[in-house]
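See below for my_file23.txt, which holds compact mmCIF, C-alpha atoms.
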# COMPACT_ATOMS: atom_id res chain seq x y z
CA MET K 1 -6.53 12.63 34.10
CA ASP K 2 -10.04 11.55 35.15
CA ARG K 3 -12.63 9.99 32.83
CA LYS K 4 -14.41 13.31 32.09
CA GLU K 5 -11.14 15.01 31.13
CA LEU K 6 -10.18 12.05 28.97
CA GLU K 7 -13.56 12.10 27.20
CA ALA K 8 -13.19 15.82 26.48
CA LYS K 9 -9.65 15.34 25.17
CA ILE K 10 -10.61 12.44 22.88
CA ILE K 11 -13.58 14.40 21.52
CA GLU K 12 -11.20 17.30 20.83
CA LEU K 13 -8.73 15.03 19.01
CA VAL K 14 -11.48 13.34 16.95
CA THR K 15 -12.83 16.77 16.03
CA ILE K 16 -9.39 17.88 14.82
CA SER K 17 -8.47 14.65 13.02
CA TYR K 18 -11.78 14.38 11.17
CA LYS K 19 -11.94 18.16 10.54
CA LYS K 20 -15.34 18.59 12.18
CA ALA K 21 -16.87 21.74 13.67
CA PRO K 22 -16.57 22.20 17.46
CA GLY K 23 -19.57 20.56 19.17
CA GLU K 24 -20.27 18.24 16.25
CA VAL K 25 -18.53 15.22 17.83
CA THR K 26 -19.98 13.57 20.95
CA LEU K 27 -19.35 10.32 22.81
CA GLU K 28 -22.18 8.76 20.77
CA THR K 29 -20.71 9.77 17.41
CA SER K 30 -20.25 6.69 15.20
CA PHE K 31 -16.99 6.45 13.26
CA LYS K 32 -18.64 4.54 10.45
CA ASN K 33 -22.01 6.27 10.17
CA ASP K 34 -21.17 9.84 11.21
CA LEU K 35 -17.51 10.26 10.31
CA GLY K 36 -17.24 8.14 7.18
CA GLY K 37 -14.81 5.69 8.74
CA ALA K 38 -11.93 6.80 6.51
CA SER K 39 -8.73 5.01 7.44
CA VAL K 40 -6.48 8.00 6.77
CA GLN K 41 -8.16 10.10 9.46
CA MET K 42 -8.01 7.16 11.87
CA VAL K 43 -4.23 7.02 11.41
CA ALA K 44 -4.00 10.74 12.15
CA LEU K 45 -6.18 10.24 15.22
CA VAL K 46 -4.08 7.36 16.57
CA SER K 47 -0.93 9.46 16.10
CA GLU K 48 -2.52 12.43 17.87
CA ILE K 49 -3.59 10.23 20.81
CA GLU K 50 -0.03 8.98 21.05
CA ASN K 51 1.42 12.49 20.84
CA GLU K 52 -1.01 14.13 23.25
CA LEU K 53 -1.83 11.37 25.75
CA ASP K 54 1.20 9.09 25.52
CA ALA K 55 -1.11 6.13 24.93
CA MET K 56 -0.44 3.68 22.13
CA VAL K 57 -3.66 2.32 20.67
CA ALA K 58 -3.07 -0.13 17.84
CA LEU K 59 -4.57 1.06 14.56
CA GLN K 60 -6.65 -2.09 14.21
CA ASP K 61 -8.03 -1.65 17.75
CA ALA K 62 -8.98 1.97 17.08
CA ALA K 63 -10.55 0.98 13.76
CA ALA K 64 -12.66 -1.60 15.59
CA CYS K 65 -14.28 1.10 17.79
CA GLU K 66 -17.84 1.83 16.77
CA THR K 67 -18.24 5.07 18.70
CA VAL K 68 -16.07 7.76 20.28
CA ALA K 69 -17.01 6.34 23.70
CA ASP K 70 -15.54 2.98 22.65
CA LEU K 71 -12.32 4.76 21.73
CA VAL K 72 -12.23 6.47 25.13
CA ASP K 73 -12.45 2.99 26.70
CA ALA K 74 -9.59 1.74 24.50
CA VAL K 75 -7.38 4.70 25.41
CA GLU K 76 -8.24 4.41 29.10
CA ASN K 77 -7.01 0.81 29.03
CA GLU K 78 -3.65 2.02 27.75
CA LEU K 79 -3.15 4.81 30.30
CA MET S 1 12.95 -13.36 -22.31
CA SER S 2 10.78 -12.82 -19.24
CA VAL S 3 8.30 -9.98 -19.02
CA LEU S 4 10.19 -8.90 -15.92
CA ASP S 5 13.58 -8.59 -17.68
CA PRO S 6 13.26 -4.86 -18.45
CA ILE S 7 12.38 -4.26 -14.78
CA TYR S 8 15.41 -6.29 -13.66
CA ASP S 9 17.64 -4.24 -15.99
CA ARG S 10 16.36 -0.99 -14.50
CA ALA S 11 16.96 -2.28 -10.97
CA LYS S 12 20.54 -3.18 -11.77
CA ALA S 13 21.20 0.21 -13.34
CA ASN S 14 20.15 2.01 -10.15
CA PRO S 15 20.22 -0.32 -7.10
CA GLN S 16 18.07 0.91 -4.23
CA LYS S 17 18.57 0.42 -0.52
CA VAL S 18 16.00 -2.14 0.67
CA ALA S 19 15.45 -2.59 4.43
CA PHE S 20 14.56 -6.11 5.60
CA PRO S 21 13.02 -6.21 9.10
CA GLU S 22 12.31 -9.97 8.86
CA ALA S 23 15.77 -11.05 7.72
CA ALA S 24 16.07 -13.73 10.40
CA ASN S 25 13.54 -15.64 8.33
CA GLU S 26 15.48 -18.08 6.17
CA LYS S 27 13.55 -17.51 2.92
CA MET S 28 13.65 -13.75 3.35
CA MET S 29 17.41 -13.72 4.00
CA GLN S 30 18.03 -15.91 0.96
CA ALA S 31 15.90 -13.69 -1.31
CA ALA S 32 17.63 -10.56 0.04
CA TYR S 33 21.04 -12.18 -0.44
CA GLU S 34 20.36 -13.28 -4.01
CA ALA S 35 18.90 -9.91 -5.02
CA ALA S 36 21.86 -8.05 -3.49
CA LYS S 37 24.56 -10.43 -4.68
CA ASP S 38 23.24 -10.15 -8.25
CA GLY S 39 23.45 -6.36 -7.99
CA TYR S 40 19.73 -5.50 -8.11
CA ILE S 41 19.54 -3.92 -4.65
CA LYS S 42 21.57 -2.93 -1.61
CA ALA S 43 20.25 -5.11 1.23
CA VAL S 44 20.00 -3.61 4.73
CA LEU S 45 19.15 -6.17 7.41
CA VAL S 46 17.36 -4.56 10.36
CA GLY S 47 17.12 -6.25 13.76
CA ASN S 48 19.54 -7.76 16.24
CA ALA S 49 22.75 -7.39 14.23
CA GLU S 50 24.73 -10.02 16.11
CA GLU S 51 21.98 -12.57 15.66
CA LEU S 52 21.59 -11.71 11.97
CA LYS S 53 25.35 -11.94 11.36
CA ALA S 54 25.44 -15.33 13.04
CA LEU S 55 22.50 -16.55 10.95
CA ALA S 56 24.11 -15.26 7.74
CA ALA S 57 27.33 -17.13 8.57
CA GLU S 58 25.44 -20.27 9.52
CA ARG S 59 23.60 -20.17 6.19
CA GLY S 60 26.85 -19.73 4.27
CA TYR S 61 26.30 -16.17 3.04
CA ASP S 62 29.07 -13.65 2.44
CA ALA S 63 28.21 -11.05 5.10
CA SER S 64 29.84 -8.26 3.08
CA VAL S 65 26.81 -8.40 0.73
CA PHE S 66 24.66 -7.06 3.59
CA GLU S 67 24.56 -3.88 5.61
CA PHE S 68 23.42 -4.54 9.17
CA VAL S 69 21.45 -2.04 11.26
CA ASP S 70 21.14 -2.96 14.92
CA ILE S 71 17.90 -1.72 16.49
CA ASN S 72 19.69 -1.75 19.86
CA ASP S 73 22.41 0.64 18.66
CA GLU S 74 21.56 3.67 20.80
CA ALA S 75 23.56 6.21 18.80
CA TYR S 76 21.92 5.16 15.52
CA THR S 77 18.47 5.02 17.12
CA ALA S 78 18.81 8.45 18.75
CA LYS S 79 19.62 10.03 15.38
CA LEU S 80 16.79 8.10 13.71
CA VAL S 81 14.31 9.30 16.32
CA ALA S 82 15.47 12.92 16.00
CA ASP S 83 15.34 12.83 12.19
CA TYR S 84 11.93 11.15 12.17
CA ILE S 85 10.37 13.65 14.56
CA ALA S 86 11.90 16.58 12.63
CA SER S 87 10.56 15.35 9.29
CA PRO S 88 7.55 17.38 8.13
CA GLU S 89 6.02 14.28 6.53
CA THR S 90 5.70 12.17 9.69
CA SER S 91 2.84 12.24 12.19
CA LEU S 92 4.36 10.71 15.36
CA LYS S 93 6.05 13.57 17.15
CA LYS S 94 6.79 12.31 20.66
CA GLU S 95 10.03 10.46 21.34
CA LYS S 96 8.56 8.09 23.92
CA GLY S 97 5.75 6.94 21.63
CA LEU S 98 8.05 6.66 18.63
CA ARG S 99 10.59 4.58 20.55
CA ARG S 100 7.77 2.30 21.69
CA ARG S 101 6.81 1.70 18.06
CA ILE S 102 10.32 1.19 16.69
CA ALA S 103 11.09 -1.53 19.21
CA ASP S 104 9.45 -3.61 16.46
CA PRO S 105 11.93 -4.04 13.56
CA LEU S 106 9.09 -3.52 11.03
CA TYR S 107 8.42 -0.04 12.42
CA TYR S 108 12.17 0.62 12.82
CA ALA S 109 12.78 -0.14 9.14
CA MET S 110 9.88 2.07 8.09
CA ALA S 111 11.20 4.90 10.26
CA MET S 112 14.51 4.52 8.40
CA GLN S 113 12.64 4.65 5.11
CA ALA S 114 10.66 7.72 6.19
CA VAL S 115 13.89 9.67 6.83
CA GLY S 116 15.66 8.42 3.70
CA ALA S 117 18.01 5.89 5.34
CA ALA S 118 16.35 3.23 3.16
CA ASP S 119 14.39 3.46 -0.09
CA VAL S 120 12.02 0.52 0.50
CA THR S 121 10.90 -1.62 3.42
CA PHE S 122 10.24 -5.20 2.39
CA ALA S 123 8.25 -7.44 4.76
CA GLY S 124 5.25 -9.72 4.98
CA ILE S 125 6.73 -13.16 5.53
CA ASP S 126 6.38 -13.10 9.34
CA ASN S 127 4.04 -10.09 9.61
CA THR S 128 0.56 -10.24 8.05
CA THR S 129 -0.50 -8.00 5.18
CA GLY S 130 -2.59 -6.08 7.71
CA ASP S 131 0.46 -5.57 9.95
CA VAL S 132 2.49 -4.21 7.03
CA ILE S 133 -0.30 -1.90 5.85
CA ASN S 134 -0.95 -0.57 9.35
CA ALA S 135 2.75 0.05 9.95
CA GLY S 136 3.00 1.77 6.56
CA MET S 137 0.04 4.01 7.29
CA VAL S 138 1.41 5.07 10.67
CA MET S 139 5.12 5.37 9.82
CA ILE S 140 5.17 6.28 6.09
CA GLY S 141 1.70 7.77 5.64
CA ILE S 142 -0.76 7.89 2.77
CA LYS S 143 -0.17 10.22 -0.18
CA PRO S 144 -1.94 13.57 -0.03
CA ASN S 145 -5.31 13.42 -1.83
CA ILE S 146 -5.41 9.62 -1.66
CA SER S 147 -8.07 8.20 0.69
CA THR S 148 -6.98 4.57 1.01
CA PRO S 149 -4.10 2.17 0.56
CA SER S 150 -4.81 -0.39 -2.14
CA SER S 151 -3.04 -2.79 -4.47
CA ILE S 152 -2.64 -3.90 -8.03
CA GLY S 153 -1.54 -7.17 -9.52
CA LEU S 154 0.17 -7.68 -12.84
CA CYS S 155 -0.96 -10.56 -15.06
CA TYR S 156 0.93 -11.93 -18.03
CA ILE S 157 -1.57 -13.81 -20.17
CA PRO S 158 0.14 -16.14 -22.67
CA ASN S 159 -1.05 -15.90 -26.31
CA TRP S 160 -3.07 -12.76 -25.62
CA THR S 161 -2.06 -9.64 -27.50
CA GLY S 162 -4.34 -7.20 -25.69
CA GLY S 163 -3.57 -4.98 -22.72
CA GLU S 164 0.07 -3.99 -23.00
CA ASN S 165 1.57 -6.81 -25.10
CA GLY S 166 -0.25 -9.45 -23.09
CA LEU S 167 0.22 -7.78 -19.72
CA LEU S 168 -2.76 -6.49 -17.77
CA ALA S 169 -2.70 -4.60 -14.48
CA ILE S 170 -5.70 -5.28 -12.26
CA GLY S 171 -6.80 -3.77 -8.98
CA ASP S 172 -7.74 -3.99 -6.26
CA SER S 173 -7.72 -7.74 -5.74
CA ALA S 174 -6.22 -7.79 -2.26
CA VAL S 175 -6.64 -4.84 0.10
CA CYS S 176 -9.69 -2.56 -0.07
CA THR S 177 -12.76 -4.70 0.58
CA ASN S 178 -15.71 -2.55 -0.40
CA PRO S 179 -14.43 0.84 -1.55
CA ASN S 180 -16.76 3.82 -1.55
CA PRO S 181 -16.76 5.97 -4.71
CA GLU S 182 -13.92 8.22 -3.47
CA GLN S 183 -11.79 5.22 -2.53
CA LEU S 184 -12.54 3.48 -5.83
CA ALA S 185 -11.47 6.62 -7.70
CA ASP S 186 -8.24 6.68 -5.70
CA ILE S 187 -7.56 3.00 -6.45
CA ALA S 188 -7.77 3.84 -10.17
CA ILE S 189 -5.51 6.88 -9.79
CA SER S 190 -2.94 4.98 -7.72
CA ALA S 191 -2.99 2.10 -10.22
CA CYS S 192 -2.24 4.47 -13.10
CA ASP S 193 0.67 5.99 -11.17
CA THR S 194 1.98 2.55 -10.23
CA VAL S 195 2.10 1.22 -13.82
CA ARG S 196 3.62 4.47 -15.04
CA ASP S 197 6.40 4.26 -12.42
CA LEU S 198 7.04 0.53 -12.67
CA LEU S 199 6.41 -0.27 -16.31
CA GLN S 200 6.67 3.16 -17.97
CA TRP S 201 3.29 2.58 -19.61
CA GLU S 202 0.88 5.28 -20.62
CA PRO S 203 -2.05 3.94 -18.55
CA ARG S 204 -5.40 3.23 -20.22
CA CYS S 205 -7.58 2.56 -17.23
CA ALA S 206 -11.07 1.02 -17.40
CA MET S 207 -13.50 1.06 -14.50
CA VAL S 208 -15.53 -2.09 -14.95
CA CYS S 209 -18.89 -3.42 -13.76
CA TYR S 210 -21.84 -5.21 -15.35
CA SER S 211 -22.86 -2.25 -17.52
CA THR S 212 -21.36 -0.49 -20.54
CA LEU S 213 -22.27 3.18 -20.88
CA GLY S 214 -25.72 2.87 -19.37
CA SER S 215 -26.70 -0.59 -20.62
CA GLY S 216 -27.57 -1.49 -17.02
CA SER S 217 -28.65 0.53 -13.99
CA GLY S 218 -28.69 0.29 -10.22
CA ASP S 219 -26.71 1.05 -7.08
CA LEU S 220 -23.71 -1.08 -8.04
CA ILE S 221 -23.29 0.85 -11.28
CA ASP S 222 -23.97 4.22 -9.66
CA LYS S 223 -20.97 3.64 -7.40
CA VAL S 224 -18.68 3.04 -10.37
CA LEU S 225 -20.06 6.06 -12.22
CA GLU S 226 -19.53 8.31 -9.22
CA ALA S 227 -16.00 6.97 -8.78
CA LEU S 228 -15.27 7.58 -12.46
CA LYS S 229 -16.45 11.19 -12.19
CA ILE S 230 -14.27 11.77 -9.11
CA ALA S 231 -11.21 10.19 -10.75
CA GLN S 232 -11.60 12.19 -13.95
CA GLU S 233 -12.01 15.43 -11.99
CA LYS S 234 -9.03 14.72 -9.71
CA ARG S 235 -6.68 13.61 -12.46
CA PRO S 236 -7.73 14.91 -15.87
CA ASP S 237 -4.22 14.06 -17.11
CA LEU S 238 -5.00 10.32 -16.89
CA ALA S 239 -6.99 8.23 -19.39
CA ILE S 240 -9.56 6.74 -16.99
CA ASP S 241 -12.84 5.76 -18.64
CA GLY S 242 -16.00 3.68 -18.13
CA GLU S 243 -18.31 2.39 -17.09
CA PHE S 244 -17.46 -0.69 -19.15
CA GLN S 245 -18.12 -4.39 -18.95
CA PHE S 246 -14.88 -6.35 -18.84
CA ASP S 247 -15.08 -7.45 -22.48
CA ALA S 248 -15.80 -3.91 -23.67
CA ALA S 249 -12.72 -2.80 -21.72
CA VAL S 250 -10.23 -5.26 -23.18
CA LYS S 251 -11.64 -6.57 -26.50
CA PRO S 252 -11.58 -4.11 -29.44
CA GLU S 253 -14.31 -5.96 -31.35
CA VAL S 254 -16.71 -5.74 -28.39
CA ALA S 255 -15.81 -2.11 -27.74
CA ALA S 256 -16.55 -1.31 -31.39
CA LYS S 257 -20.10 -2.57 -30.93
CA LYS S 258 -20.84 -1.30 -27.44
CA VAL S 259 -18.92 1.96 -27.10
CA LYS S 260 -20.32 4.43 -29.60
CA ARG S 261 -18.15 7.38 -28.65
CA GLU S 262 -14.48 8.30 -28.62
CA SER S 263 -12.51 6.51 -25.93
CA LYS S 264 -8.77 6.14 -25.39
CA VAL S 265 -9.50 3.15 -23.17
CA ALA S 266 -12.40 1.04 -24.49
CA GLY S 267 -11.21 -2.19 -26.07
CA LYS S 268 -7.57 -1.52 -25.26
CA ALA S 269 -7.38 -1.06 -21.49
CA ASN S 270 -4.06 -2.00 -19.89
CA VAL S 271 -5.36 -1.29 -16.37
CA VAL S 272 -8.68 -2.70 -15.12
CA ILE S 273 -10.26 -1.53 -11.86
CA TRP S 274 -12.77 -3.87 -10.21
CA PRO S 275 -15.73 -2.41 -8.28
CA ASP S 276 -14.94 -4.35 -5.08
CA LEU S 277 -12.85 -7.14 -3.60
CA ASN S 278 -15.37 -9.88 -4.38
CA VAL S 279 -14.95 -9.19 -8.08
CA GLY S 280 -11.22 -8.62 -7.68
CA ASN S 281 -10.51 -11.88 -5.92
CA ILE S 282 -12.68 -13.94 -8.25
CA GLY S 283 -11.38 -12.07 -11.30
CA VAL S 284 -7.72 -12.74 -10.64
CA LYS S 285 -8.42 -16.43 -10.01
CA LEU S 286 -10.39 -16.70 -13.28
CA ILE S 287 -7.52 -15.10 -15.17
CA GLN S 288 -5.02 -17.46 -13.55
CA THR S 289 -7.17 -20.58 -13.96
CA PHE S 290 -8.55 -20.18 -17.46
CA GLY S 291 -6.13 -17.65 -18.92
CA HIS S 292 -3.15 -19.57 -17.51
CA ALA S 293 -1.71 -16.23 -16.47
CA ASP S 294 1.37 -15.60 -14.39
CA ALA S 295 0.34 -13.13 -11.71
CA TYR S 296 2.77 -10.78 -9.93
CA GLY S 297 1.93 -8.87 -6.78
CA PRO S 298 -0.03 -7.67 -4.99
CA MET S 299 1.86 -4.40 -5.11
CA LEU S 300 0.72 -2.03 -2.39
CA GLN S 301 0.07 1.55 -3.48
CA GLY S 302 -1.14 4.89 -2.19
CA PHE S 303 1.65 5.38 0.38
CA ASN S 304 4.05 8.33 0.50
CA LYS S 305 6.86 5.88 -0.23
CA ILE S 306 6.90 2.29 -1.47
CA VAL S 307 5.57 -0.15 1.11
CA CYS S 308 5.84 -3.83 0.22
CA ASP S 309 4.21 -6.99 1.32
CA CYS S 310 4.90 -10.52 0.16
CA SER S 311 2.83 -13.66 0.51
CA ARG S 312 3.89 -15.84 3.44
CA GLY S 313 3.73 -18.92 1.26
CA ALA S 314 5.76 -17.41 -1.57
CA PRO S 315 8.86 -19.25 -2.82
CA VAL S 316 12.25 -17.49 -2.72
CA SER S 317 12.18 -16.77 -6.48
CA GLU S 318 8.86 -14.94 -6.14
CA ILE S 319 10.05 -12.99 -3.10
CA LYS S 320 13.20 -11.99 -4.98
CA GLY S 321 11.09 -10.79 -7.94
CA ASN S 322 8.87 -8.74 -5.67
CA ILE S 323 11.91 -7.20 -3.95
CA ILE S 324 13.29 -6.11 -7.31
CA ILE S 325 9.91 -4.75 -8.45
CA SER S 326 9.63 -2.72 -5.25
CA ALA S 327 13.13 -1.30 -5.73
CA VAL S 328 12.31 -0.15 -9.27
CA ARG S 329 9.09 1.47 -8.06
CA ALA S 330 11.02 3.29 -5.34
CA ALA S 331 13.61 4.57 -7.82
CA ALA S 332 10.86 5.78 -10.18
CA MET S 333 8.98 7.47 -7.37
CA LYS S 334 12.09 9.43 -6.42
CA GLY S 335 12.23 10.64 -10.03
Would you mind writing the file's structure down as structure tokens?
Amino acid sequence: MDRKELEAKIIELVTISYKKAPGEVTLETSFKNDLGGASVQMVALVSEIENELDAMVALQDAAACETVADLVDAVENEL
Amino acid sequence: MSVLDPIYDRAKANPQKVAFPEAANEKMMQAAYEAAKDGYIKAVLVGNAEELKALAAERGYDASVFEFVDINDEAYTAKLVADYIASPETSLKKEKGLRRRIADPLYYAMAMQAVGAADVTFAGIDNTTGDVINAGMVMIGIKPNISTPSSIGLCYIPNWTGGENGLLAIGDSAVCTNPNPEQLADIAISACDTVRDLLQWEPRCAMVCYSTLGSGSGDLIDKVLEALKIAQEKRPDLAIDGEFQFDAAVKPEVAAKKVKRESKVAGKANVVIWPDLNVGNIGVKLIQTFGHADAYGPMLQGFNKIVCDCSRGAPVSEIKGNIIISAVRAAAMKG
């Protein structure tokens, strides 16, 4: 999976986990300011990343990501 | 008679299976042994079974008091993985990822709990509170309609007749740093459910800040008011009221002067919810220092099943008490 595909997949998973409309989430989307930073959705997101991409990102590492792009970096490191 | 005696009696009447993923730790094994030997729980030690058996023998414990689960037992693990993935309440659905997680005994024990092979997971002596909460969120999950894990503590204040016969539940003094209104509402709701399950109280829950019914104004109060509205709408069955100053919440004579409307809570709260962790941390230390209170907890709440954490510096007697409290909460939650 190349970087572009990974970015698209992570955006899709964030959109599902945070129950957003398609197109609403971008690489610049901030977890804290745009998505509310709720920990429950972050857990769902980490589980989805593990299920879909076979990459284990620790919850605390995912929670430390400011933007979706930061999360893509964290997942890329685990692939 | 200790305030915990009724809880101990309930534990003994219905011993729950408690999984210990940190049983190699000497204090943890001793607390597990004493709680099981006295009939309060059934202790399940999770880890390298041979190593744990050797440690138990070395420490002079009767191994028949324990059940051992070996995380390297492939037959047991294969069934655990299949059951966990099949459970509708779990979120990890891929075997490879799940096996990666449960290589850690903390996650293994919680997987057992998630599928009903244990009633409680008790940890926190080697793992940090954050580790336990994160594992609980991933493996056990947060209750539907609850937005955050949180905690309450239980204070017994000698020579005080307020609260519930001198006992006061307070939250959150340990977990949720700066809750937003929705999270603050959920802390109050979880606290009410926790005291109902553990202590069989009818909760009278006060949401406190520096204002009583509009005596002050500002952002800090608006947050509490919004949280109160959310909590009352979500759980109209619970007596959650505010906004009150602390004295108006727990002192009838102050409530009589400051609360000029009907309230099931004002002046007689048995549960107090702080607006944030600054207040919570300072509040519990004030109660301990000047009220000479015995404090129990923190008890984690908001999870689908009981997740427990103990202080790393806690003595064996305190760990044993927290194990028994967690077992009673688990039994109550099962109904």
How close does each residue of chain S get to chain K, giving the shortest atom pair and distance in Å to one decimal for every residue with an atom at most 12 Å away, counting all atoms listed in the file, sorted by chain and residue number, as a tab-separated table?
residue	atom	partner	partner_atom	distance
S:Ile85	CA	K:Asn51	CA	11.0
S:Thr90	CA	K:Ser47	CA	9.6
S:Ser91	CA	K:Ser47	CA	6.1
S:Leu92	CA	K:Ser47	CA	5.5
S:Lys93	CA	K:Asn51	CA	6.0
S:Lys94	CA	K:Asn51	CA	5.4
S:Glu95	CA	K:Asn51	CA	8.9
S:Lys96	CA	K:Asp54	CA	7.6
S:Gly97	CA	K:Glu50	CA	6.2
S:Leu98	CA	K:Glu50	CA	8.7
S:Arg99	CA	K:Met56	CA	11.2
S:Arg100	CA	K:Met56	CA	8.3
S:Arg101	CA	K:Met56	CA	8.5
S:Gly130	CA	K:Gln60	CA	8.6
S:Asp131	CA	K:Gln60	CA	9.0
S:Val132	CA	K:Leu59	CA	11.6
S:Ile133	CA	K:Leu59	CA	10.1
S:Asn134	CA	K:Leu59	CA	6.6
S:Ala135	CA	K:Leu59	CA	8.7
S:Gly136	CA	K:Val43	CA	10.2
S:Met137	CA	K:Val43	CA	6.7
S:Val138	CA	K:Val43	CA	6.0
S:Met139	CA	K:Val43	CA	9.6
S:Ile140	CA	K:Val43	CA	10.8
S:Gly141	CA	K:Val40	CA	8.3
S:Ile142	CA	K:Val40	CA	7.0
S:Lys143	CA	K:Val40	CA	9.6
S:Pro144	CA	K:Val40	CA	9.9
S:Asn145	CA	K:Val40	CA	10.2
S:Ile146	CA	K:Val40	CA	8.7
S:Ser147	CA	K:Val40	CA	6.3
S:Thr148	CA	K:Ser39	CA	6.7
S:Pro149	CA	K:Ser39	CA	8.8
S:Ser150	CA	K:Ser39	CA	11.7
S:Cys176	CA	K:Ser39	CA	10.7
S:Pro179	CA	K:Ala38	CA	10.3
S:Asn180	CA	K:Gly36	CA	9.8
S:Glu182	CA	K:Ala38	CA	10.3
S:Gln183	CA	K:Ala38	CA	9.2
S:Gly302	CA	K:Val40	CA	10.9
S:Phe303	CA	K:Val40	CA	10.7
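In this structure, CA of Cys310 (chain S) sits 11.5 Å away from CA of Lys27 (chain S).
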Could you tell me which of S:Asn159, S:Ala54, S:Ala169, S:Tyr61 comes closest to Ala31 (chain S) if we count all atoms listed in the file? S:Tyr61
Leaving out Val271 (chain S) and any residue of its chain fewer than 2 positions from it, which residues lie within 8 Å of it when counting only C-alpha atoms, given as a PyMOL selection string? chain S and resi 163+168-171+191-192+203-206+269+273
Nearest to Ala266 (chain S) among S:Gly153, S:Gly321, S:Gly162, S:Pro315, with distances taken over all atoms listed in the file: which residue is it? S:Gly162
Hey, can you check how far CA of Gly280 (chain S) sits from CA of Arg261 (chain S)? 27.3 Å
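Remark: for Leu80 (chain S), the closest of the candidate residues S:Val115, S:Gly242, S:Glu22, S:Ala57 is S:Val115 (distances computed over all atoms listed in the file).
Relative to CA of Tyr18 (chain K), CA of Cys65 (chain K) is found at 15.0 Å.
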Using the file's own x, y and z axes, so that the box edges lie along x, y and z, what centre and edge lengths in Å (one decimal) does a box around every listed atom of region 10-21 of chain K get when 4 Å is added on each side? Give it as JSON.
{"center_x": -12.7, "center_y": 17.1, "center_z": 16.7, "size_x": 16.4, "size_y": 17.3, "size_z": 20.3}
I'd like the neighbourhood of Asp38 (chain S) as a PyMOL selection string, where a residue qualifies if any of its atoms comes within 9 Å (using all atoms listed in the file), though same-chain residues fewer than 4 positions away should be ignored. chain S and resi 12+33-34
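Among the candidate residues K:Leu6, K:Lys32, K:Ile11, K:Gly23, the one lying nearest to Glu66 (chain K) is K:Lys32, with distances computed using all atoms listed in the file.
Here the question is which of S:Ala49, S:Val284, S:Ala332, S:Ala111 gets nearest to Asp172 (chain S) using all atoms listed in the file, and that residue is S:Val284.
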Rank K:Val68, K:Leu79, K:Ile16, K:Ala74 by their smallest atom-to-atom distance to Glu28 (chain K), using only C-alpha atoms, and report the top residue only. K:Val68
Could you add N, CA and C atoms to region 56-68 of chain K and give me the result as a short mmCIF file (atom, residue, chain, number, x, y, z; two decimals), in the coordinates of the input?
data_model
loop_
_atom_site.label_atom_id
_atom_site.label_comp_id
_atom_site.auth_asym_id
_atom_site.auth_seq_id
_atom_site.Cartn_x
_atom_site.Cartn_y
_atom_site.Cartn_z
N MET K 56 -0.52 4.31 23.44
CA MET K 56 -0.44 3.68 22.13
C MET K 56 -1.62 2.74 21.93
N VAL K 57 -2.52 3.17 21.06
CA VAL K 57 -3.66 2.32 20.67
C VAL K 57 -3.33 1.78 19.29
N ALA K 58 -3.37 0.45 19.14
CA ALA K 58 -3.07 -0.13 17.84
C ALA K 58 -4.12 0.32 16.83
N LEU K 59 -3.67 0.56 15.60
CA LEU K 59 -4.57 1.06 14.56
C LEU K 59 -5.78 0.14 14.39
N GLN K 60 -5.53 -1.16 14.41
CA GLN K 60 -6.65 -2.09 14.21
C GLN K 60 -7.64 -2.04 15.38
N ASP K 61 -7.12 -1.76 16.60
CA ASP K 61 -8.03 -1.65 17.75
C ASP K 61 -8.87 -0.38 17.65
N ALA K 62 -8.23 0.72 17.24
CA ALA K 62 -8.98 1.97 17.08
C ALA K 62 -10.02 1.82 15.98
N ALA K 63 -9.62 1.15 14.89
CA ALA K 63 -10.55 0.98 13.76
C ALA K 63 -11.73 0.10 14.14
N ALA K 64 -11.57 -0.72 15.17
CA ALA K 64 -12.66 -1.60 15.59
C ALA K 64 -13.68 -0.88 16.48
N CYS K 65 -13.36 0.35 16.92
CA CYS K 65 -14.28 1.10 17.79
C CYS K 65 -15.46 1.59 16.99
N GLU K 66 -16.65 1.34 17.50
CA GLU K 66 -17.84 1.83 16.77
C GLU K 66 -18.09 3.30 17.06
N THR K 67 -17.93 3.68 18.33
CA THR K 67 -18.24 5.07 18.70
C THR K 67 -17.03 5.71 19.38
N VAL K 68 -17.13 7.03 19.58
CA VAL K 68 -16.07 7.76 20.28
C VAL K 68 -15.93 7.24 21.71
#
